[in-house]
Amino acid sequence: MYNSAVRGRLIEGDKSLGQISHEILAPVHAKTPGWWYFALLTALGMLGFGAFAIYITLSEGLGAWGINNSVAWGWDIINFVWWIGIGHAGTAFSIFLLILRQKWRTAINRAAEAMTVVAVLAASLFPLLHMGRPWLFFYIFPYPNTRGPLWVNFNSPLFWDFMAISAYLLISASFWYFGMLPDFATIRDTAKSKIKKAVYGIMAFGWTGSSREWLRFEGLSFVLGGIAAVLVVSVHSIVSTDFAVSVEVGWHTTIFPPYFVVGAIFSGFAMVLTLVVIMRGLYKMNDFITDSHIDAVCRVLIFISLIMATAYLTEIFVAWYSGSPYEIYMFFQNRIFGDYAFQFWAMFVSNALVPQLFWFKKMRRNIWVVFIVSIIINIGMWFERYNIIVTSLSRDYLPSSWVSYSPTWVEVGFFVGTIGLFITGILLFFRFIPMIAISELKSVAKFDKPRNEFKHAKHE
Amino acid sequence: MKDQLVVSKNFKLLTYVLIGIGVVSFALGFAFDAKRTWANYLLNNYYFLSLAVGAAFFGAIQYITQSGWSAMFKRVPEAMVAYIPFAAVFFLLMFFGMHSIFEWTHEDVVQNDPLLQHKMPYLNIPFFFARVVLFFGAWILLTKLLRKFSLKEDEVGGMVYFEKSEMYSRVLIFVLAITFSFFAVDMLKSLDPHWFSTIFAAKSFIAAFMHGSSIITLIVIILYKTGKLQDLNRSHLHDFTRYIFMSSIVWGYFNFAEFMIIWYGNIPEETIWFVKRWHGAYEVLFYANIIINWLIPFLVLMPRKTSRSKMFITPVIILLMIGQYTELYYIIWPSVVHEAKFGLLEIGTFLGYLGLFAWVVATWLAKASLVPKNHPYLKESLHHHF
Amino acid sequence: MNKDYILGVFKDEESLVSAFEKVKEKGILPVEVYTPYPVHEILEGMGNKTRISHAAFFFGLFSAIGVLAFMTYAAVFDWPLNYGGKPFNAFPSFIVVTIVTTILSITILTLFTFSARAKIFPGKVPEIIHERATDDRFVMVIDKDSLGNNAEAINSIISEFGEIE
C-alpha cells in the first residue's frame, strides 16, 4: 500500500503502538526540564514588555505610535497580517495535505494547529488596540442597539475582517481541541499521578475510544476538514480585501486574495518548519519527525515559493502593462528602485530566491540550513507586508501628503510582546499537550509494515 | 493484452467524420463571416489546448505530491498532452487572422492611443509569435521528455526514471505557471487591450486545470466502460472528483475575487470589461458560468456518495465541458465579434476540434501499455482504498 | 471485569479485524469495540451510521439564508444608508460575511451535535472498560447472554487472535 521505499518511512524504528504513545507522551509525563523554565521566563519578560507597551498605548492614545495621517497603518497592521499569515499553517496543513493524501502530515499537524491558535490570538490584539478604545470593540458587531438601531456597514472590509478573525479564532481553537480528545484520554489512562488523571480526565470529555465515538468523530473531522479548507482561503482573502477593495495604488489589484492566501500559507509553513526543527531537537522526536518529513515540508516550500515569485512577477508585469502612471510609479520608482528598495528586495530575495536552495537534497538534509532558511522566510514575509502597507500609504496620489514612517519603541514593544505571547503559548503546548497527534500517528503506523497488505484483498 | 488499447475502426471513422465537419464549417465560415470564424478558431484552439495543458499539470502534480493512487491512470494525461504539438500548429496559423482578432494589431488604432503605444513593446506581432514559439517549444520539450521517461520506465524499471520524472515535473510546473500565465494574457486578456487584471492569468490557469482533470476523469470512465482499466474503484473516483471539486471551488473563488474587487473599486478602466459583458446574452452567460462551473459541481460533488458514483460524475463533467466553452465565449465574443451569435458555425467548428482531440488521445493511448508497468506506486494505485 | 461481558483484548488491528469478522460470521455482534484509533472495518461492521454531515449541510443552508436575510433586512429595509455609492442591496459584499458566518455556525452547531450524539461533553465520567484501550490494546466487548450455544466457539476465536480478560 504505502511505498516507504520511495517516500521514506513515516515512523523510524519499528515501534509498537505502546511505544508510540509512551515516547510522545514522555515530555508530558516527565519532569519539567530546566531550560523550559528559563525559556518561559524570557518569554514572559517579553510579554511583560509588550504589556507595558499596551499600557502606554492605552493611557496615551495612539499618538504613542509612529503612525500619522497618511500612514495610518504601520507596524500594527503589518504584524497583524504577519501573525494571521502564520496562523494559517495549522489549518492549511491539516486540510490541504489531507486532500492530497499526504500521510506524513499526521506527525506535524498538531504542532501546526497549536501554533495557529496562539498566532491568531497574537494577531487579534493588533486591530483591537488600533481601535483606540478597545473596550468598545463590540460596537462592530451588528446587534440591536439604542443608536437607531443603526446597523454596522456591511460593505466595510473592516467589518468582514472582524467577523473573519473571530470566526477563525473560534473555529481553529475548537478544531484543535476536539482533535486532541483521544490523546487526552490516552494521557488520562497512562498517567500515574492522581491530579494529572483528574485534570486530563476532565479535558478528555469522557472519551473512551468506542466505535460509536470514533464513527462520529470521523464524521466530525470530515465536516470540519471541509469547512476549514474554505475557512483558510476565506479568512486571508478577507484580510486582503482590507487593502484590495480600496482604490489605493499598489493595493487595488485583483490578485490580492489568492496572493495573500498563498503568502499566508508560505509563512505558516516556514514557521511550522522552524517550530518542528526546534521540537525535534529539544525533545528528540527524530523517530516521528523524520528526515523525510522535513524533506517534504521543504519541497512544499519550494513549490509555494515559486507561486510567490510568479505572483510578484505578475504584479510587476501588470503594473507596467496597465499603463497607469501611478501603478508604474509605485512599482518601479517607489518599490523596486526607490526609497523602499531595501524592503522590496529583502522580500523578493528571501521569499522567491532563498527557498530555491531546497531544490538540492543536500540542503534539505542539512537541518541547520533548513532552520536558517525557514527563519529567513519568516522575515521575508514580514517585509512583504511592510512593502505592501507602508509603500502605498506613504506615497499616494497626492504628493503633498507624502510622508515617511518609522515606528516608535511602543510599537516595537507591542510586537515583541506578541512574540513573547507566542513563545509562551508554544512552551505550554510542549509541556502539557502531546505535541504529535498520537491516535492519528497510530492509525498510519501500519503503513510502514509490509505484512499489512492483507486487508486490501477484501475490499473492492 | 488486456492493458493494450486497440482503437476500433468505427471510432476512427467517427473522428474523421467530425474532423470533416470541422473543416467544412471553417471553409464556409471564412467564406461568409471571417471575423466570427476567427473568433471560433481562437476559442477552439484555446479550449483544447487548455485541456492538454491542464492534463500536463495534473500529471506533474501527481509526481511532486508523491501521489500513489493515480499511477495506473498516468497514460491518460500523457495521451492528452500529445495534443500540444497540434495546438502549436494551429496557434501559429493564427498569424493570418491577427487583424480580425486583436485590436492592438491595427496600426491606425495604436497611433491614436497612448495606452496601446505604451504596450507596444509587449503587444506587437513579432514578439507575440516569438512568445508562442517559445512557450510551445518549452511545453513540447518537457512533456516529450516526461513521456519518454514514462515509456522507458516500462522497459527498464527501477527508480532512475521515476526520480527523473519527478525532477522534470517540478520544472514543468514552474515553466507552466509562468508561461501559461503570459499565454492567457496574450490570447485572452489582450483581446481587450486596455483592460488589466492581475488575477486573470491565475484564473485561466485554474480553469485549464479544472477542465483538464475533469476530461481525464471522463476518459478514464469511458475506458472503464469499454472494458479497460478494470481496477478503477470508488476510491479512485473519489480522488478524481476531489480534484474537480477543489479546482471548481478555487475557480469560483478567483472569479468572485476578481469581480468583487473591480465592482467595489468601481474604477472605469477596470469596470469597462464587465460593463461590456452585462448586456443581453452576455449577462446570461455571466450567471451561467458561475452556475455551471461552480455551483452545480459544488452541490453535486459535495456528498461522499455522489462523488464516488459514475452516474453523478459523468453529467457533471459534460456540464463542465460546456462550462469551459461558455466561459471562453464570454471572454472572447464581446471583444471580437461584439454581437452574441451562436449557430451551426460554432457547433461545427467545435465538433471538428473534438474529433481531432479524440483521435489524438485514442491514438496515443494505443501507442503504449494502458497501465504503466514498472511504476513504483503501481501496486498502491491498483489497491487504492480509503 | 463485568460478569455479563466477555472482553477480547487484541494487540493489533489485524487480529482485531480478523476476530471481529469471525465473530460476526457466527451471527453475533459485539456490544462495543474500543480502539486507540478508528478502524474502518469495525466502524462499518458495527452497523452504526452517522448523519453528522447531513446535519452540517442543513446547518449551513439555514445559516446562509438566515445571515443573508438579516443583512438584507438591516441594510435595505430597516435603515438604508448610502455607503460610497454602493447599492443598498450590495450582494457581493454580503456574500463575504455570509461565507464566514455560515462556516462559523456550521462548526459550532456540528460540534454541539457531535457532543450530544457521541455523548462527549465536559464533565462526563467515562466508563473505562479497559485501561489500555486508548493506548495500545484493541478491546472487543461481547454480551454473554447473546452467545447462546456459541460460547465455546467465540472463546476459541478470541483466544486464537488475542486474550480473554
# chains A, B, ... in the order shown; residues from 1 in each chain; ligands from 1
>>> closest_atom_pairs(of="chain B", to="chain A", cutoff="6 Å", atoms="only C-alpha atoms", output="Markdown table")
| residue | atom | partner | partner_atom | distance |
| --- | --- | --- | --- | --- |
| B:Leu115 | CA | A:Gly323 | CA | 6.0 |
| B:Phe196 | CA | A:Ser322 | CA | 5.7 |
| B:Ser197 | CA | A:Thr254 | CA | 5.9 |
| B:Thr198 | CA | A:Ile255 | CA | 5.0 |
| B:Ile199 | CA | A:Ile255 | CA | 4.2 |
| B:Glu258 | CA | A:Thr254 | CA | 5.1 |
| B:Ile261 | CA | A:Val245 | CA | 5.2 |
| B:Tyr264 | CA | A:Val245 | CA | 5.8 |
| B:Gly265 | CA | A:Val245 | CA | 5.5 |
| B:Glu380 | CA | A:Met1 | CA | 4.5 |
>>> interface_residues(of="chain C", to="chain B", cutoff="12 Å", atoms="only C-alpha atoms", output="list of chain:residue names")
C:Val39, C:His40, C:Glu41, C:Arg51, C:Ile52, C:Ser53, C:His54, C:Ala56, C:Phe57, C:Leu61, C:Tyr83, C:Gly84, C:Gly85, C:Lys86, C:Pro87, C:Ala90, C:Phe91, C:Pro92, C:Ser93, C:Phe94, C:Ile95, C:Val96, C:Ile99
>>> select_by_dssp(residues="range 28-151 of chain C", states="strand (DSSP E)", output="list in words")
Glu32, Val33, Tyr34, Phe138, Val139, Met140, Val141, Ile142 and Asp143 of chain C
>>> write_last_selection(atoms="C-alpha atoms", output="PDB file, in the first residue's frame")
ATOM      1  CA  GLU C  32     -18.902  -2.351  21.562  1.00  0.00           C
ATOM      2  CA  VAL C  33     -15.357  -2.231  20.292  1.00  0.00           C
ATOM      3  CA  TYR C  34     -12.742   0.054  21.802  1.00  0.00           C
ATOM      4  CA  PHE C 138      -7.995  -3.236  20.898  1.00  0.00           C
ATOM      5  CA  VAL C 139     -10.894  -4.373  23.030  1.00  0.00           C
ATOM      6  CA  MET C 140     -13.999  -6.172  21.878  1.00  0.00           C
ATOM      7  CA  VAL C 141     -16.885  -6.400  24.319  1.00  0.00           C
ATOM      8  CA  ILE C 142     -19.347  -9.237  23.819  1.00  0.00           C
ATOM      9  CA  ASP C 143     -22.540  -9.749  25.759  1.00  0.00           C
TER      10      ASP C 143
END
>>> residues_around(residues="range 127-130 of chain C", least_positions_apart="3", cutoff="8 Å", atoms="only C-alpha atoms", output="list in words")
Gly206 and Thr208 of chain A; Ala133 and Val139 of chain C
>>> closest_atom_pairs(of="chain A", to="chain C", cutoff="8 Å", atoms="only C-alpha atoms", output="Markdown table")
| residue | atom | partner | partner_atom | distance |
| --- | --- | --- | --- | --- |
| A:Leu17 | CA | C:Asp136 | CA | 5.1 |
| A:Gly18 | CA | C:Asp136 | CA | 4.9 |
| A:Ser21 | CA | C:Asp135 | CA | 6.5 |
| A:Pro149 | CA | C:Trp79 | CA | 7.9 |
| A:Leu150 | CA | C:Trp79 | CA | 6.8 |
| A:Trp151 | CA | C:Ala74 | CA | 6.5 |
| A:Asn153 | CA | C:Tyr83 | CA | 7.7 |
| A:Phe154 | CA | C:Phe94 | CA | 6.7 |
| A:Asn155 | CA | C:Ser93 | CA | 5.4 |
| A:Trp160 | CA | C:Val97 | CA | 5.8 |
| A:Met163 | CA | C:Val100 | CA | 7.0 |
| A:Ala164 | CA | C:Val100 | CA | 6.0 |
| A:Ala167 | CA | C:Leu104 | CA | 5.6 |
| A:Leu170 | CA | C:Leu104 | CA | 7.9 |
| A:Ile171 | CA | C:Thr107 | CA | 6.6 |
| A:Pro182 | CA | C:Thr134 | CA | 7.3 |
| A:Asp183 | CA | C:Thr134 | CA | 8.0 |
| A:Ala185 | CA | C:Thr134 | CA | 6.6 |
| A:Thr186 | CA | C:Thr134 | CA | 5.1 |
| A:Asp189 | CA | C:Glu131 | CA | 5.9 |
| A:Thr190 | CA | C:Asp135 | CA | 7.6 |
| A:Ile202 | CA | C:Gly123 | CA | 5.8 |
| A:Met203 | CA | C:Pro122 | CA | 7.0 |
| A:Ala204 | CA | C:Pro122 | CA | 7.7 |
| A:Phe205 | CA | C:Pro122 | CA | 4.6 |
| A:Gly206 | CA | C:Pro126 | CA | 4.4 |
| A:Trp207 | CA | C:Pro126 | CA | 6.4 |
| A:Thr208 | CA | C:Ile128 | CA | 6.4 |
| A:Gly209 | CA | C:Tyr34 | CA | 5.1 |
| A:Ser210 | CA | C:Tyr34 | CA | 4.2 |
| A:Ser211 | CA | C:Val33 | CA | 5.5 |
| A:Arg212 | CA | C:Ala118 | CA | 6.7 |
| A:Glu213 | CA | C:Ala118 | CA | 5.3 |
| A:Trp214 | CA | C:Pro38 | CA | 5.7 |
| A:Leu215 | CA | C:Leu43 | CA | 6.1 |
| A:Arg216 | CA | C:Thr50 | CA | 6.1 |
| A:Phe217 | CA | C:Phe114 | CA | 7.5 |
| A:Glu218 | CA | C:Pro38 | CA | 7.8 |
| A:Gly219 | CA | C:Ile52 | CA | 6.0 |
| A:Leu220 | CA | C:Ile52 | CA | 6.8 |
| A:Phe222 | CA | C:Ser53 | CA | 7.7 |
| A:Val223 | CA | C:Ser53 | CA | 6.0 |
| A:Leu224 | CA | C:Thr107 | CA | 6.6 |
| A:Ile227 | CA | C:Ile103 | CA | 6.4 |
| A:Leu231 | CA | C:Ile103 | CA | 7.1 |
| A:Ser234 | CA | C:Val100 | CA | 7.2 |
| A:Val235 | CA | C:Val100 | CA | 7.7 |
| A:Ile238 | CA | C:Val96 | CA | 7.7 |
| A:Ser439 | CA | C:Tyr37 | CA | 5.2 |
| A:Glu440 | CA | C:Tyr37 | CA | 6.8 |
| A:Lys442 | CA | C:Tyr37 | CA | 6.7 |
| A:Ser443 | CA | C:Tyr37 | CA | 5.8 |
| A:Asn452 | CA | C:Glu14 | CA | 7.6 |
>>> select_by_dssp(residues="range 72-220 of chain B", states="alpha helix (DSSP H)", output="mmCIF file with C-alpha atoms, in the first residue's frame")
data_model
loop_
_atom_site.group_PDB
_atom_site.id
_atom_site.type_symbol
_atom_site.label_atom_id
_atom_site.label_comp_id
_atom_site.auth_asym_id
_atom_site.auth_seq_id
_atom_site.Cartn_x
_atom_site.Cartn_y
_atom_site.Cartn_z
ATOM 1 C CA ARG B 75 -1.201 7.234 -19.584
ATOM 2 C CA VAL B 76 -4.398 9.233 -19.903
ATOM 3 C CA PRO B 77 -2.913 12.657 -19.157
ATOM 4 C CA GLU B 78 0.091 11.648 -21.237
ATOM 5 C CA ALA B 79 -2.144 10.981 -24.217
ATOM 6 C CA MET B 80 -3.968 14.266 -23.793
ATOM 7 C CA VAL B 81 -0.680 16.111 -23.626
ATOM 8 C CA ILE B 84 0.018 20.172 -27.616
ATOM 9 C CA PRO B 85 2.080 19.959 -30.862
ATOM 10 C CA PHE B 86 -1.141 20.028 -32.902
ATOM 11 C CA ALA B 87 -2.282 23.080 -30.969
ATOM 12 C CA ALA B 88 1.100 24.667 -31.674
ATOM 13 C CA VAL B 89 0.474 24.452 -35.420
ATOM 14 C CA PHE B 90 -2.986 25.933 -35.020
ATOM 15 C CA PHE B 91 -1.768 28.816 -32.928
ATOM 16 C CA LEU B 92 0.960 29.606 -35.442
ATOM 17 C CA LEU B 93 -1.618 29.619 -38.223
ATOM 18 C CA MET B 98 -4.468 38.521 -36.229
ATOM 19 C CA HIS B 99 -6.215 41.572 -37.628
ATOM 20 C CA SER B 100 -9.622 40.036 -37.246
ATOM 21 C CA ILE B 101 -9.000 39.037 -33.672
ATOM 22 C CA GLU B 107 -1.709 50.410 -36.603
ATOM 23 C CA ASP B 108 -4.141 53.268 -37.064
ATOM 24 C CA VAL B 109 -5.787 52.471 -33.748
ATOM 25 C CA VAL B 110 -2.486 52.213 -31.932
ATOM 26 C CA GLN B 111 -1.250 55.517 -33.309
ATOM 27 C CA PRO B 114 -1.201 56.432 -25.958
ATOM 28 C CA LEU B 115 -2.046 53.397 -23.822
ATOM 29 C CA LEU B 116 -1.622 50.998 -26.698
ATOM 30 C CA GLN B 117 1.585 52.757 -27.657
ATOM 31 C CA HIS B 118 2.810 52.176 -24.145
ATOM 32 C CA LYS B 119 2.053 48.491 -24.547
ATOM 33 C CA ILE B 125 3.106 40.774 -33.782
ATOM 34 C CA PRO B 126 6.750 39.596 -33.964
ATOM 35 C CA PHE B 127 7.126 39.375 -30.200
ATOM 36 C CA PHE B 128 3.699 37.794 -29.904
ATOM 37 C CA PHE B 129 4.722 34.933 -32.164
ATOM 38 C CA ALA B 130 8.142 34.717 -30.614
ATOM 39 C CA ARG B 131 6.347 34.031 -27.350
ATOM 40 C CA VAL B 132 4.052 31.488 -28.937
ATOM 41 C CA VAL B 133 7.067 29.650 -30.338
ATOM 42 C CA LEU B 134 8.969 29.867 -27.069
ATOM 43 C CA PHE B 135 6.076 28.686 -24.898
ATOM 44 C CA PHE B 136 5.113 25.818 -27.149
ATOM 45 C CA GLY B 137 8.751 24.861 -27.530
ATOM 46 C CA ALA B 138 9.152 24.622 -23.780
ATOM 47 C CA TRP B 139 5.910 22.702 -23.277
ATOM 48 C CA ILE B 140 6.562 20.243 -26.066
ATOM 49 C CA LEU B 141 10.136 19.647 -24.964
ATOM 50 C CA LEU B 142 9.253 18.993 -21.334
ATOM 51 C CA THR B 143 6.184 16.897 -21.984
ATOM 52 C CA LYS B 144 8.034 14.807 -24.571
ATOM 53 C CA LEU B 145 10.791 14.201 -22.054
ATOM 54 C CA LEU B 146 8.318 13.120 -19.403
ATOM 55 C CA ARG B 147 6.617 10.818 -21.858
ATOM 56 C CA LYS B 148 9.970 9.323 -22.793
ATOM 57 C CA PHE B 149 10.839 8.654 -19.164
ATOM 58 C CA SER B 150 7.467 7.095 -18.639
ATOM 59 C CA LEU B 151 7.912 4.704 -21.575
ATOM 60 C CA LYS B 152 11.489 3.912 -20.582
ATOM 61 C CA GLU B 153 10.296 3.024 -17.131
ATOM 62 C CA ASP B 154 8.032 0.382 -18.660
ATOM 63 C CA GLU B 155 11.051 -1.250 -20.260
ATOM 64 C CA VAL B 156 13.731 -0.823 -17.652
ATOM 65 C CA VAL B 160 16.023 6.068 -12.135
ATOM 66 C CA TYR B 161 13.236 7.211 -14.420
ATOM 67 C CA PHE B 162 10.853 7.796 -11.570
ATOM 68 C CA GLU B 163 13.245 10.243 -9.983
ATOM 69 C CA LYS B 164 13.948 11.907 -13.294
ATOM 70 C CA SER B 165 10.241 12.289 -13.909
ATOM 71 C CA GLU B 166 9.789 13.851 -10.523
ATOM 72 C CA MET B 167 12.574 16.311 -11.175
ATOM 73 C CA TYR B 168 11.230 17.322 -14.576
ATOM 74 C CA SER B 169 7.704 17.526 -13.212
ATOM 75 C CA ARG B 170 8.867 20.246 -10.892
ATOM 76 C CA VAL B 171 10.473 22.063 -13.782
ATOM 77 C CA LEU B 172 7.328 21.619 -15.838
ATOM 78 C CA ILE B 173 5.136 23.078 -13.112
ATOM 79 C CA PHE B 174 7.391 26.059 -12.779
ATOM 80 C CA VAL B 175 7.545 26.618 -16.522
ATOM 81 C CA LEU B 176 3.805 26.141 -16.930
ATOM 82 C CA ALA B 177 2.993 28.563 -14.133
ATOM 83 C CA ILE B 178 4.999 31.338 -15.746
ATOM 84 C CA THR B 179 4.393 30.646 -19.415
ATOM 85 C CA PHE B 180 0.737 29.800 -19.274
ATOM 86 C CA SER B 181 0.112 32.990 -17.302
ATOM 87 C CA PHE B 182 1.609 35.019 -20.113
ATOM 88 C CA PHE B 183 -0.109 32.866 -22.670
ATOM 89 C CA ALA B 184 -3.515 33.607 -21.152
ATOM 90 C CA VAL B 185 -2.672 37.308 -21.152
ATOM 91 C CA ASP B 186 -1.681 37.130 -24.820
ATOM 92 C CA MET B 187 -4.591 35.118 -26.075
ATOM 93 C CA PHE B 200 -6.746 36.891 -14.883
ATOM 94 C CA ALA B 201 -3.831 34.599 -15.628
ATOM 95 C CA ALA B 202 -4.302 32.588 -12.452
ATOM 96 C CA LYS B 203 -7.991 32.243 -13.196
ATOM 97 C CA SER B 204 -7.309 30.944 -16.695
ATOM 98 C CA PHE B 205 -4.785 28.549 -15.292
ATOM 99 C CA ILE B 206 -7.128 27.066 -12.731
ATOM 100 C CA ALA B 207 -9.876 26.821 -15.350
ATOM 101 C CA ALA B 208 -7.494 24.841 -17.549
ATOM 102 C CA PHE B 209 -6.625 22.595 -14.649
ATOM 103 C CA MET B 210 -10.223 22.045 -13.658
ATOM 104 C CA HIS B 211 -11.358 21.170 -17.149
ATOM 105 C CA GLY B 212 -8.220 19.163 -17.869
ATOM 106 C CA SER B 213 -8.706 16.992 -14.820
ATOM 107 C CA SER B 214 -12.384 16.520 -15.499
ATOM 108 C CA ILE B 215 -11.642 15.342 -19.038
ATOM 109 C CA ILE B 216 -9.050 12.933 -17.634
ATOM 110 C CA THR B 217 -11.760 11.544 -15.387
ATOM 111 C CA LEU B 218 -14.151 11.300 -18.293
ATOM 112 C CA ILE B 219 -11.643 9.402 -20.425
ATOM 113 C CA VAL B 220 -10.892 7.054 -17.550
#
>>> residues_around(residues="range 31-34 of chain B", least_positions_apart="2", cutoff="12 Å", atoms="only C-alpha atoms", output="VMD selection string")
chain B and resid 24 to 29 36 to 41 96 to 101 336 to 337 341 345 to 346
>>> residues_around(residues="Asn155 in chain C", least_positions_apart="2", cutoff="10 Å", atoms="only C-alpha atoms", output="list in words")
Ile6, Leu7, Gly8, Val23, Asn150, Ala151, Glu152, Ala153, Ile157, Ile158, Ser159, Glu160, Glu163 and Ile164 of chain C
>>> write_last_selection(atoms="C-alpha atoms", output="mmCIF file, in the first residue's frame")
data_model
loop_
_atom_site.group_PDB
_atom_site.id
_atom_site.type_symbol
_atom_site.label_atom_id
_atom_site.label_comp_id
_atom_site.auth_asym_id
_atom_site.auth_seq_id
_atom_site.Cartn_x
_atom_site.Cartn_y
_atom_site.Cartn_z
ATOM 1 C CA ILE C 6 -16.565 -11.184 27.681
ATOM 2 C CA LEU C 7 -13.630 -8.909 26.857
ATOM 3 C CA GLY C 8 -11.486 -9.902 23.929
ATOM 4 C CA VAL C 23 -17.385 -13.404 15.431
ATOM 5 C CA ASN C 150 -21.830 -20.326 20.558
ATOM 6 C CA ALA C 151 -19.917 -19.553 23.739
ATOM 7 C CA GLU C 152 -17.205 -22.114 23.131
ATOM 8 C CA ALA C 153 -16.679 -21.053 19.529
ATOM 9 C CA ILE C 157 -11.902 -17.328 18.186
ATOM 10 C CA ILE C 158 -10.832 -14.712 20.679
ATOM 11 C CA SER C 159 -8.054 -16.775 22.131
ATOM 12 C CA GLU C 160 -6.844 -17.581 18.643
ATOM 13 C CA GLU C 163 -6.715 -12.875 25.041
ATOM 14 C CA ILE C 164 -9.847 -13.093 27.091
#
>>> atom_distance(atom1="CA of Ile21 in chain B", atom2="CA of Leu351 in chain B")
7.0 Å
>>> residues_around(residues="range 368-378 of chain A", least_positions_apart="6", cutoff="12 Å", atoms="only C-alpha atoms", output="PDB file with C-alpha atoms, in the first residue's frame")
ATOM      1  CA  ASN A  79       2.251  42.495  12.401  1.00  0.00           C
ATOM      2  CA  TRP A  82       2.057  38.610   9.586  1.00  0.00           C
ATOM      3  CA  TRP A  83       0.660  36.768  12.587  1.00  0.00           C
ATOM      4  CA  GLY A  85      -0.477  34.501   7.976  1.00  0.00           C
ATOM      5  CA  ILE A  86       1.482  32.336  10.362  1.00  0.00           C
ATOM      6  CA  GLY A 263       1.683  34.117   1.202  1.00  0.00           C
ATOM      7  CA  ALA A 264      -0.013  33.182   4.445  1.00  0.00           C
ATOM      8  CA  ILE A 265       0.434  29.508   3.830  1.00  0.00           C
ATOM      9  CA  PHE A 266       4.023  30.144   2.861  1.00  0.00           C
ATOM     10  CA  SER A 267       4.860  31.964   6.069  1.00  0.00           C
ATOM     11  CA  GLY A 268       2.833  29.461   8.050  1.00  0.00           C
ATOM     12  CA  PHE A 269       4.742  26.521   6.632  1.00  0.00           C
ATOM     13  CA  ALA A 270       8.007  28.286   7.266  1.00  0.00           C
ATOM     14  CA  MET A 271       7.036  28.854  10.882  1.00  0.00           C
ATOM     15  CA  VAL A 272       5.938  25.222  11.180  1.00  0.00           C
ATOM     16  CA  LEU A 273       9.323  24.209   9.905  1.00  0.00           C
ATOM     17  CA  THR A 274      11.072  26.427  12.443  1.00  0.00           C
ATOM     18  CA  LEU A 275       8.961  25.012  15.209  1.00  0.00           C
ATOM     19  CA  VAL A 276       9.280  21.415  14.159  1.00  0.00           C
ATOM     20  CA  VAL A 277      13.045  21.647  13.889  1.00  0.00           C
ATOM     21  CA  ILE A 278      13.173  23.060  17.419  1.00  0.00           C
ATOM     22  CA  MET A 279      10.762  20.430  18.686  1.00  0.00           C
ATOM     23  CA  ARG A 280      12.782  17.680  17.115  1.00  0.00           C
ATOM     24  CA  GLY A 281      15.996  18.965  18.597  1.00  0.00           C
ATOM     25  CA  ASP A 291      14.258  13.473   7.778  1.00  0.00           C
ATOM     26  CA  ILE A 294      11.432  17.788   6.943  1.00  0.00           C
ATOM     27  CA  ASP A 295      12.183  16.993   3.336  1.00  0.00           C
ATOM     28  CA  ALA A 296       8.512  17.018   2.450  1.00  0.00           C
ATOM     29  CA  VAL A 297       7.889  20.401   4.082  1.00  0.00           C
ATOM     30  CA  CYS A 298      10.892  21.798   2.230  1.00  0.00           C
ATOM     31  CA  ARG A 299       9.508  20.583  -1.082  1.00  0.00           C
ATOM     32  CA  LEU A 301       8.105  25.419   0.397  1.00  0.00           C
ATOM     33  CA  ILE A 302       9.844  25.381  -2.971  1.00  0.00           C
ATOM     34  CA  ILE A 304       4.875  27.804  -2.768  1.00  0.00           C
ATOM     35  CA  SER A 305       7.921  29.975  -3.210  1.00  0.00           C
ATOM     36  CA  MET A 308       5.031  33.647  -4.752  1.00  0.00           C
ATOM     37  CA  ALA A 346      14.507  41.873   1.212  1.00  0.00           C
ATOM     38  CA  MET A 347      11.088  40.478   0.454  1.00  0.00           C
ATOM     39  CA  PHE A 348      11.939  39.282  -3.020  1.00  0.00           C
ATOM     40  CA  VAL A 349      15.221  37.641  -2.157  1.00  0.00           C
ATOM     41  CA  SER A 350      14.049  35.875   0.957  1.00  0.00           C
ATOM     42  CA  ASN A 351      10.712  34.684  -0.399  1.00  0.00           C
ATOM     43  CA  ALA A 352      11.411  33.992  -4.022  1.00  0.00           C
ATOM     44  CA  LEU A 353      15.131  33.246  -4.225  1.00  0.00           C
ATOM     45  CA  VAL A 354      16.446  31.827  -0.953  1.00  0.00           C
ATOM     46  CA  PRO A 355      13.927  28.941  -0.737  1.00  0.00           C
ATOM     47  CA  GLN A 356      15.219  27.741  -4.099  1.00  0.00           C
ATOM     48  CA  LEU A 357      18.105  26.253  -2.126  1.00  0.00           C
ATOM     49  CA  PHE A 358      15.732  23.444  -1.322  1.00  0.00           C
ATOM     50  CA  TRP A 359      15.999  22.116  -4.840  1.00  0.00           C
ATOM     51  CA  PHE A 360      19.135  20.397  -3.616  1.00  0.00           C
ATOM     52  CA  LYS A 361      18.756  17.330  -1.497  1.00  0.00           C
ATOM     53  CA  LYS A 362      21.896  18.161   0.446  1.00  0.00           C
ATOM     54  CA  GLU A 384       6.301  41.676   2.241  1.00  0.00           C
ATOM     55  CA  ARG A 385       3.625  43.179   4.461  1.00  0.00           C
TER      56      ARG A 385
END
>>> residues_around(residues="Leu428 in chain A", least_positions_apart="4", cutoff="12 Å", atoms="only C-alpha atoms", output="ChimeraX atom specification")
/A:27-28,32,36-37,39-40,43-44,111,114-115,118,421-424,432-435
>>> decode(residues="range 18-36 of chain C", atoms="C-alpha atoms", output="short mmCIF file (atom, residue, chain, number, x, y, z; two decimals), in the first residue's frame")
data_model
loop_
_atom_site.label_atom_id
_atom_site.label_comp_id
_atom_site.auth_asym_id
_atom_site.auth_seq_id
_atom_site.Cartn_x
_atom_site.Cartn_y
_atom_site.Cartn_z
CA SER C 18 -9.92 -11.00 11.80
CA ALA C 19 -11.53 -11.91 15.13
CA PHE C 20 -14.28 -9.39 14.59
CA GLU C 21 -15.19 -10.81 11.24
CA LYS C 22 -15.20 -14.37 12.53
CA VAL C 23 -17.39 -13.40 15.43
CA LYS C 24 -19.77 -11.72 13.05
CA GLU C 25 -19.89 -14.83 10.91
CA LYS C 26 -21.28 -16.62 13.93
CA GLY C 27 -24.12 -14.14 13.87
CA ILE C 28 -23.02 -12.28 16.95
CA LEU C 29 -22.45 -8.54 17.03
CA PRO C 30 -20.15 -7.30 19.77
CA VAL C 31 -21.73 -4.78 22.12
CA GLU C 32 -18.90 -2.35 21.56
CA VAL C 33 -15.36 -2.23 20.29
CA TYR C 34 -12.74 0.05 21.80
CA THR C 35 -9.74 1.02 19.73
CA PRO C 36 -6.91 3.53 20.09
#
